[in-house]
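Text of coords-v2.csv, listed as CSV, C-alpha atoms and all ligand atoms:
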chain,number,residue,atom,x,y,z
A,14,MET,CA,0.0,0.0,0.0
A,15,GLY,CA,3.0,2.3,0.5
A,16,ALA,CA,3.5,4.9,3.2
A,17,MET,CA,0.7,6.5,5.1
A,18,CYS,CA,0.3,10.2,4.4
A,19,TRP,CA,1.9,11.4,7.6
A,20,ASP,CA,5.0,9.5,6.7
A,21,ALA,CA,5.0,10.5,3.1
A,22,ASN,CA,4.3,14.2,3.6
A,23,PRO,CA,7.2,16.1,5.1
A,24,GLY,CA,4.8,19.0,5.8
A,25,CYS,CA,2.3,16.9,7.9
A,26,PHE,CA,1.5,19.3,10.7
A,27,VAL,CA,0.1,16.6,13.1
A,28,LYS,CA,2.7,13.9,12.8
A,29,GLY,CA,3.8,12.7,16.2
A,30,GLN,CA,0.7,14.1,18.0
A,31,LYS,CA,-1.7,11.9,20.0
A,32,ARG,CA,-4.4,10.4,17.8
A,33,GLY,CA,-7.9,11.6,18.4
A,34,GLU,CA,-6.7,15.0,19.6
A,35,THR,CA,-5.4,16.7,16.3
A,36,PRO,CA,-7.2,18.9,13.8
A,37,CYS,CA,-6.7,16.2,11.1
A,38,PRO,CA,-9.6,13.6,10.8
A,39,ALA,CA,-7.5,11.2,8.8
A,40,TYR,CA,-4.7,11.1,11.3
A,41,ASN,CA,-7.1,10.8,14.2
A,42,GLU,CA,-8.6,7.8,12.6
A,43,ASN,CA,-5.2,6.3,11.7
A,44,LYS,CA,-6.2,6.4,8.0
A,45,GLY,CA,-4.5,7.8,4.9
A,46,CYS,CA,-6.0,11.0,3.6
A,47,TRP,CA,-7.2,9.0,0.5
A,48,GLN,CA,-9.2,6.6,2.8
A,49,VAL,CA,-11.3,9.2,4.5
A,50,ASP,CA,-14.8,10.4,3.5
A,51,TRP,CA,-13.9,14.1,3.2
A,52,SER,CA,-17.3,15.0,1.7
A,53,PHE,CA,-19.0,13.8,4.9
A,54,ILE,CA,-16.5,15.5,7.2
A,55,ILE,CA,-16.5,18.9,5.3
A,56,THR,CA,-20.3,18.9,5.1
A,57,SER,CA,-20.5,18.4,8.9
A,58,LEU,CA,-18.4,21.6,9.6
A,59,PRO,CA,-19.7,25.1,10.3
A,60,ASP,CA,-19.5,27.5,7.3
A,61,ASP,CA,-16.2,29.2,8.2
A,62,GLU,CA,-14.4,25.9,8.9
A,63,ARG,CA,-15.8,24.4,5.8
A,64,ALA,CA,-14.4,27.3,3.8
A,65,ARG,CA,-11.1,27.0,5.5
A,66,TRP,CA,-10.8,23.3,4.7
A,67,LYS,CA,-11.9,23.8,1.1
A,68,LYS,CA,-9.1,26.4,0.7
A,69,ILE,CA,-6.5,24.1,2.2
A,70,MET,CA,-7.6,21.2,0.0
A,71,LYS,CA,-7.6,23.3,-3.2
A,72,GLU,CA,-4.3,25.1,-2.6
A,73,GLN,CA,-2.2,22.6,-0.6
A,74,CYS,CA,-3.3,19.1,-1.4
A,75,PRO,CA,-2.2,19.0,-5.1
A,76,ALA,CA,1.3,20.0,-4.1
A,77,CYS,CA,1.6,17.3,-1.5
A,78,PRO,CA,3.7,14.2,-2.4
A,79,VAL,CA,0.8,12.0,-1.3
A,80,TYR,CA,-1.3,13.5,-4.0
A,81,ALA,CA,1.1,12.2,-6.6
A,82,GLU,CA,0.9,8.7,-5.2
A,83,HIS,CA,-3.0,8.6,-4.9
A,84,LYS,CA,-3.9,11.1,-7.7
A,85,ASP,CA,-7.0,9.4,-8.9
A,86,GLU,CA,-8.7,9.1,-5.5
A,87,LEU,CA,-7.6,12.5,-4.3
A,88,ALA,CA,-8.4,14.4,-7.5
A,89,MET,CA,-11.9,13.0,-7.3
A,90,THR,CA,-12.2,13.8,-3.6
A,91,ILE,CA,-11.1,17.4,-4.0
A,92,HIS,CA,-13.4,17.9,-7.0
A,93,MET,CA,-16.3,16.7,-4.9
A,94,VAL,CA,-15.4,18.8,-1.8
A,95,LEU,CA,-15.0,22.0,-3.8
A,96,ALA,CA,-18.5,21.5,-5.2
A,97,LEU,CA,-20.0,21.3,-1.7
B,1,LIG,S1,-4.0,14.3,5.8
B,1,LIG,FE1,-3.5,14.7,7.9
B,1,LIG,S2,-2.1,13.0,8.6
B,1,LIG,FE2,-2.2,13.1,6.3
B,1,LIG,S3,-0.4,14.3,5.8
B,1,LIG,FE3,-2.2,15.7,5.9
B,1,LIG,S4,-2.2,16.5,7.9
B,1,LIG,FE4,-0.8,14.8,7.9

Rewrite the structure from the file as structure tokens, please.
Ligand code: SF4
Amino acid sequence: MGAMCWDANPGCFVKGQKRGETPCPAYNENKGCWQVDWSFIITSLPDDERARWKKIMKEQCPACPVYAEHKDELAMTIHMVLAL
């Protein structure tokens, strides 16, 4: 399967933190970012948080090394999230 995102992404801002207590739902669930239902997560957020996450996913995810490894899943996920 390859490395999980927190190992593959040198810019992971939650790596090493305690699971369940970070701002990243994927890390908290011990899942790679391509294995998480981001549409459900983003839809559940208040408007300002939703906008913040959409901006992050639009601007930062495509430049992440994990995106290159899981491009099909992540491109589709980001496309769906930005349409929410
Ligand atoms: S999705 Fe979360 S755990 Fe994965 S690299 Fe990004 S911040 Fe780190």

Handout entry: Spatial sel., origin (4.1, 19.5, 7.4), limit 12 Å, only C-alpha atoms, listed as a ChimeraX atom specification
Key = /A:18-29,37,73-74,76-79

Problem - Among listed residues A:Gly15, A:Ser52, A:Tyr40, A:Arg32, nearest ligand LIG 1 (chain B) (using all atoms listed in the file) - result: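 Ranked by minimum distance to ligand LIG 1 (chain B), first place goes to A:Tyr40.
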
Exercise for the section: Point out the residue among A:Ala64, A:Val94, A:Ser57, A:Ile69 with the least atom-to-atom distance to ligand LIG 1 (chain B), counting all atoms listed in the file. Expected result: A:Ile69

Problem - Interatomic distance (Å, one decimal) between atom CA of A:Asn41 and atom CA of A:Ala96 - result: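 Interatomic distance here is 24.9 Å.
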
Exercise for the section: Rank nothing, just name the residue among A:Ala81, A:Leu95, A:Ala88, A:Met17 nearest to A:Cys46, using all atoms listed in the file. Expected result: A:Met17

Handout entry: Residue nearest ligand LIG 1 (chain B) among A:Met89, A:Met70, A:Leu58, A:Leu97 (counting all atoms listed in the file)
Key =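 So, comparing all the options, the nearest one is A:Met70.
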
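Separating atom CA of A:Thr90 from atom CA of A:Gly33 is a distance of 22.5 Å.
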
Problem - Atomic separation - atom FE1 of ligand LIG 1 (chain B) relative to atom CA of A:Ile55, Å - result: 13.9 Å

Problem - Nearest candidate to A:Lys71 (options A:Ile54, A:Pro59, A:His83, A:Ile91; using only C-alpha atoms) - result: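 Looking at the shortest contact to A:Lys71, the residue is A:Ile91.
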
Completion exercise
Using only C-alpha atoms and all ligand atoms, the best pick from A:Lys44, A:Glu86, A:Thr56, A:Lys31 as closest to ligand LIG 1 (chain B) would be A:Lys44
